[in-house]
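Shown next, in structure tokens, is the structure this report addresses.
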Amino acid sequence: REKAQSDMEIGNLNQRISFLEHHTVTDEIGNHFTQWEKVFSCWAKVSVSNLQNAENSENGTTKEIRLVSFTVRQTAYLMNINSTTHRISFRNQLFDIISAKPDYSSNSYMTFTCKIKEAGNDEH
């Protein structure tokens, strides 16, 4: 019998993850660049969901995207995490946040659904 998310055992939160927040900083000569700063770290249950097919609208190709879910203890701080200003670091891999799903009924756990960050535009 599968347990409801709010009944999850705390021992299942056995992987350490970090939340990174986006900042634009200016160097001494006025150049602006993106910086990702570690702002929060916690224990999480990590699960990989089935592969999804996603079509790239630029060239019409289809590729598979692996979705990863991070379930964490719900805190007031984590309720403010969003996909535009934050991402998750886990085992030296970066993950873009797709959605954050809080548990409003019991306020116990919340789940962040993510995809692996693709190399490119900002490597800082």
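Convention: chains lettered A, B, ... in structure tokens order; per-chain residue numbering from 1; ligands numbered from 1 as shown.
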Determine, counting only C-alpha atoms, which protein, DNA and RNA residues have an atom within 7 Å of an atom of range 41-43 of chain A; residues of the same chain fewer than 5 positions away are not included. Present the result as a PyMOL selection string.
-> chain A and resi 13-19+72
Distance query Gln74 in chain A at most 12 Å, only C-alpha atoms, self and fewer than 6 positions along chain excluded, as a PDB file with N, CA, C and O atoms, in the first residue's frame:
```pdb
ATOM      1  N   GLN A   5       1.634  11.389   0.442  1.00  0.00           N
ATOM      2  CA  GLN A   5       2.842  12.201   0.576  1.00  0.00           C
ATOM      3  C   GLN A   5       2.993  12.741   1.995  1.00  0.00           C
ATOM      4  O   GLN A   5       4.071  12.763   2.540  1.00  0.00           O
ATOM      5  N   SER A   6       1.908  13.161   2.633  1.00  0.00           N
ATOM      6  CA  SER A   6       2.010  13.741   3.961  1.00  0.00           C
ATOM      7  C   SER A   6       2.364  12.699   5.019  1.00  0.00           C
ATOM      8  O   SER A   6       2.767  13.048   6.113  1.00  0.00           O
ATOM      9  N   CYS A  42      18.986  21.471   1.988  1.00  0.00           N
ATOM     10  CA  CYS A  42      18.114  20.622   2.805  1.00  0.00           C
ATOM     11  C   CYS A  42      18.171  19.181   2.312  1.00  0.00           C
ATOM     12  O   CYS A  42      18.773  18.888   1.284  1.00  0.00           O
ATOM     13  N   TRP A  43      17.525  18.301   3.045  1.00  0.00           N
ATOM     14  CA  TRP A  43      17.428  16.895   2.661  1.00  0.00           C
ATOM     15  C   TRP A  43      16.190  16.696   1.809  1.00  0.00           C
ATOM     16  O   TRP A  43      15.163  17.334   2.033  1.00  0.00           O
ATOM     17  N   ALA A  44      16.285  15.800   0.828  1.00  0.00           N
ATOM     18  CA  ALA A  44      15.179  15.585  -0.099  1.00  0.00           C
ATOM     19  C   ALA A  44      15.066  14.114  -0.476  1.00  0.00           C
ATOM     20  O   ALA A  44      16.038  13.359  -0.408  1.00  0.00           O
ATOM     21  N   ASN A  80       8.601  30.410  -1.112  1.00  0.00           N
ATOM     22  CA  ASN A  80       8.921  31.556  -1.972  1.00  0.00           C
ATOM     23  C   ASN A  80       9.855  31.209  -3.128  1.00  0.00           C
ATOM     24  O   ASN A  80      10.236  32.082  -3.895  1.00  0.00           O
ATOM     25  N   ILE A  81      10.231  29.952  -3.242  1.00  0.00           N
ATOM     26  CA  ILE A  81      11.093  29.520  -4.347  1.00  0.00           C
ATOM     27  C   ILE A  81      10.269  29.503  -5.628  1.00  0.00           C
ATOM     28  O   ILE A  81       9.136  29.045  -5.638  1.00  0.00           O
ATOM     29  N   ALA A 100       6.571  24.051  -8.487  1.00  0.00           N
ATOM     30  CA  ALA A 100       6.666  23.816  -7.049  1.00  0.00           C
ATOM     31  C   ALA A 100       5.258  23.513  -6.548  1.00  0.00           C
ATOM     32  O   ALA A 100       4.341  24.292  -6.793  1.00  0.00           O
ATOM     33  N   LYS A 101       5.102  22.375  -5.899  1.00  0.00           N
ATOM     34  CA  LYS A 101       3.777  21.951  -5.455  1.00  0.00           C
ATOM     35  C   LYS A 101       3.766  21.828  -3.935  1.00  0.00           C
ATOM     36  O   LYS A 101       4.213  20.828  -3.388  1.00  0.00           O
ATOM     37  N   PRO A 102       3.247  22.852  -3.245  1.00  0.00           N
ATOM     38  CA  PRO A 102       3.144  22.779  -1.787  1.00  0.00           C
ATOM     39  C   PRO A 102       1.979  21.883  -1.372  1.00  0.00           C
ATOM     40  O   PRO A 102       1.072  21.623  -2.152  1.00  0.00           O
ATOM     41  N   ASP A 103       2.028  21.409  -0.132  1.00  0.00           N
ATOM     42  CA  ASP A 103       0.943  20.612   0.438  1.00  0.00           C
ATOM     43  C   ASP A 103       0.190  21.522   1.410  1.00  0.00           C
ATOM     44  O   ASP A 103       0.597  21.705   2.545  1.00  0.00           O
ATOM     45  N   TYR A 104      -0.892  22.123   0.922  1.00  0.00           N
ATOM     46  CA  TYR A 104      -1.633  23.079   1.734  1.00  0.00           C
ATOM     47  C   TYR A 104      -2.457  22.401   2.830  1.00  0.00           C
ATOM     48  O   TYR A 104      -2.788  23.012   3.830  1.00  0.00           O
ATOM     49  N   SER A 105      -2.788  21.126   2.663  1.00  0.00           N
ATOM     50  CA  SER A 105      -3.632  20.458   3.653  1.00  0.00           C
ATOM     51  C   SER A 105      -2.880  20.158   4.944  1.00  0.00           C
ATOM     52  O   SER A 105      -3.395  20.383   6.032  1.00  0.00           O
ATOM     53  N   SER A 106      -1.641  19.647   4.833  1.00  0.00           N
ATOM     54  CA  SER A 106      -0.917  19.299   6.058  1.00  0.00           C
ATOM     55  C   SER A 106       0.330  20.148   6.288  1.00  0.00           C
ATOM     56  O   SER A 106       0.916  20.085   7.358  1.00  0.00           O
ATOM     57  N   ASN A 107       0.736  20.925   5.285  1.00  0.00           N
ATOM     58  CA  ASN A 107       1.936  21.767   5.375  1.00  0.00           C
ATOM     59  C   ASN A 107       3.185  20.970   5.745  1.00  0.00           C
ATOM     60  O   ASN A 107       4.070  21.476   6.425  1.00  0.00           O
ATOM     61  N   SER A 108       3.250  19.693   5.323  1.00  0.00           N
ATOM     62  CA  SER A 108       4.363  18.825   5.687  1.00  0.00           C
ATOM     63  C   SER A 108       5.500  18.855   4.671  1.00  0.00           C
ATOM     64  O   SER A 108       6.636  19.140   5.008  1.00  0.00           O
ATOM     65  N   TYR A 109       5.172  18.509   3.440  1.00  0.00           N
ATOM     66  CA  TYR A 109       6.169  18.362   2.399  1.00  0.00           C
ATOM     67  C   TYR A 109       5.752  19.140   1.162  1.00  0.00           C
ATOM     68  O   TYR A 109       4.581  19.436   0.984  1.00  0.00           O
ATOM     69  N   MET A 110       6.726  19.440   0.323  1.00  0.00           N
ATOM     70  CA  MET A 110       6.416  20.014  -0.983  1.00  0.00           C
ATOM     71  C   MET A 110       7.339  19.385  -2.013  1.00  0.00           C
ATOM     72  O   MET A 110       8.411  18.892  -1.672  1.00  0.00           O
ATOM     73  N   THR A 111       6.892  19.394  -3.262  1.00  0.00           N
ATOM     74  CA  THR A 111       7.642  18.741  -4.327  1.00  0.00           C
ATOM     75  C   THR A 111       7.987  19.742  -5.418  1.00  0.00           C
ATOM     76  O   THR A 111       7.123  20.486  -5.882  1.00  0.00           O
ATOM     77  N   PHE A 112       9.261  19.746  -5.797  1.00  0.00           N
ATOM     78  CA  PHE A 112       9.739  20.554  -6.910  1.00  0.00           C
ATOM     79  C   PHE A 112       9.982  19.617  -8.093  1.00  0.00           C
ATOM     80  O   PHE A 112      10.746  18.660  -7.973  1.00  0.00           O
TER      81      PHE A 112
END
```
One decimal, Å: what's the distance from CA of Phe95 in chain A over to CA of Thr34 in chain A, could you say?
->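 Pair CA of Phe95 in chain A / CA of Thr34 in chain A returns 16.5 Å.
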Go ahead and compute the interatomic distance for CA of Thr71 in chain A and CA of Glu118 in chain A, in Å to one decimal.
->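 Computing it gives 22.0 Å between the two atoms.
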Residues of range 57-121 of chain A in strand (DSSP E or B) according to DSSP, as a PyMOL selection string?
-> chain A and resi 62-73+86-90+93-102+109-116
Top pick for closest residue to Leu94 in chain A, considering A:Lys45, A:Asp27, A:Ile65, A:Trp36 and counting only C-alpha atoms = A:Trp36
What's the 9 Å shell around Asn82 in chain A, counting only C-alpha atoms, without same-chain residues fewer than 6 positions away, as a list in words?
->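 The contact residues come out as Ile97, Ile98, Ser99 and Ala100 of chain A.
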